[in-house]
Amino acid sequence: MQVTLPPQFEGCTVRRCRKEQCNFGIGRLSSQIIIVDCDLYKQKHNFVDKICDFLLFAVDYRQLGIVLELKGGRLEHIDDIVVQLQNGANIIVKLAGNVVSSKSFFAVVLHGGSVHRNEFTLLRKKSVFFKGKAIPLRLGRCGANIREIIDDR
């Protein structure tokens, strides 16, 4: 099955998830995953709210949907990170909710800098709501591979 996304995402897709010094590895799934750069989405649609860095979709692979925030440095402003991810989740529900399963939806934060234990603990307790379900955040280091993040833990 070919992934078909709403026309609102046209002109907003990229091949890699990379911001500053942080990246998210897609590996062999790259041909099955569509990556929406949310900076391009914001420009194209005059979206003024905070939003995550990327939205990822793959219908062939578990009806996958990911909201992704990349932080090359320290994890700061935790509430802002959650708002960015939530706004991305809201866009997925609105524009592609019919193709993304809540069982295969992930909210991911990757970081490159040091993380204070309190920040890490606080972020681990946060969730994003997707189709009425609280989805806990998944945390990883910059350079993490998609399978490391989404495979059942």
# chains A, B, ... in the order shown; residues from 1 in each chain; ligands from 1
$ residues_around --residues "A:Phe105" --least-positions-apart "2" --cutoff "6 Å" --atoms "only C-alpha atoms" --output "list of chain:residue names"
A:Leu64, A:Gly65, A:Ile66, A:Ser102, A:Lys103
$ residues_around --residues "A:Val14" --least-positions-apart "3" --cutoff "7 Å" --atoms "only C-alpha atoms" --output "list in words"
Ile35, Val36 and Asp37 of chain A
$ write_last_selection --atoms "N, CA and C atoms" --output "PDB file, in the first residue's frame"
ATOM      1  N   ILE A  35       8.505  11.892   5.640  1.00  0.00           N
ATOM      2  CA  ILE A  35       8.934  12.808   6.689  1.00  0.00           C
ATOM      3  C   ILE A  35       8.462  14.211   6.324  1.00  0.00           C
ATOM      4  N   VAL A  36       7.703  14.809   7.214  1.00  0.00           N
ATOM      5  CA  VAL A  36       7.232  16.181   7.039  1.00  0.00           C
ATOM      6  C   VAL A  36       8.067  17.086   7.936  1.00  0.00           C
ATOM      7  N   ASP A  37       8.729  18.068   7.329  1.00  0.00           N
ATOM      8  CA  ASP A  37       9.495  19.062   8.081  1.00  0.00           C
ATOM      9  C   ASP A  37       8.504  20.131   8.547  1.00  0.00           C
TER      10      ASP A  37
END
$ select_by_dssp --residues "chain A" --states "alpha helix (DSSP H)" --output "ChimeraX atom specification"
/A:38-45,78-96,117-124,146-150
$ closest_residue --among "A:Pro6, A:Gly143, A:Gly73, A:Gly132" --to "A:Gly113" --atoms "only C-alpha atoms"
A:Gly73
$ residues_around --residues "A:Ile51" --least-positions-apart "6" --cutoff "9 Å" --atoms "only C-alpha atoms" --output "PyMOL selection string"
chain A and resi 38-39+42+69+81+83-88
$ write_last_selection --atoms "C-alpha atoms" --output "short mmCIF file (atom, residue, chain, number, x, y, z; two decimals), in the first residue's frame"
data_model
loop_
_atom_site.label_atom_id
_atom_site.label_comp_id
_atom_site.auth_asym_id
_atom_site.auth_seq_id
_atom_site.Cartn_x
_atom_site.Cartn_y
_atom_site.Cartn_z
CA CYS A 38 7.32 21.17 10.36
CA ASP A 39 9.30 24.34 9.66
CA LYS A 42 4.59 26.34 9.28
CA GLU A 69 11.49 16.94 18.56
CA ILE A 81 8.68 20.60 24.30
CA VAL A 83 3.38 21.76 23.67
CA GLN A 84 5.38 21.35 20.44
CA LEU A 85 4.77 17.60 20.40
CA GLN A 86 1.08 18.01 21.26
CA ASN A 87 0.56 20.49 18.43
CA GLY A 88 2.20 18.02 16.04
#
$ select_by_dssp --residues "chain A" --states "strand (DSSP E)" --output "MDAnalysis selection string"
chainID A and resid 13:14 17:19 22:24 34:37 54:58 64:71 105:111 127:130 133:141
$ atom_distance --atom1 "atom CA of A:Lys133" --atom2 "atom CA of A:Lys94"
15.2 Å
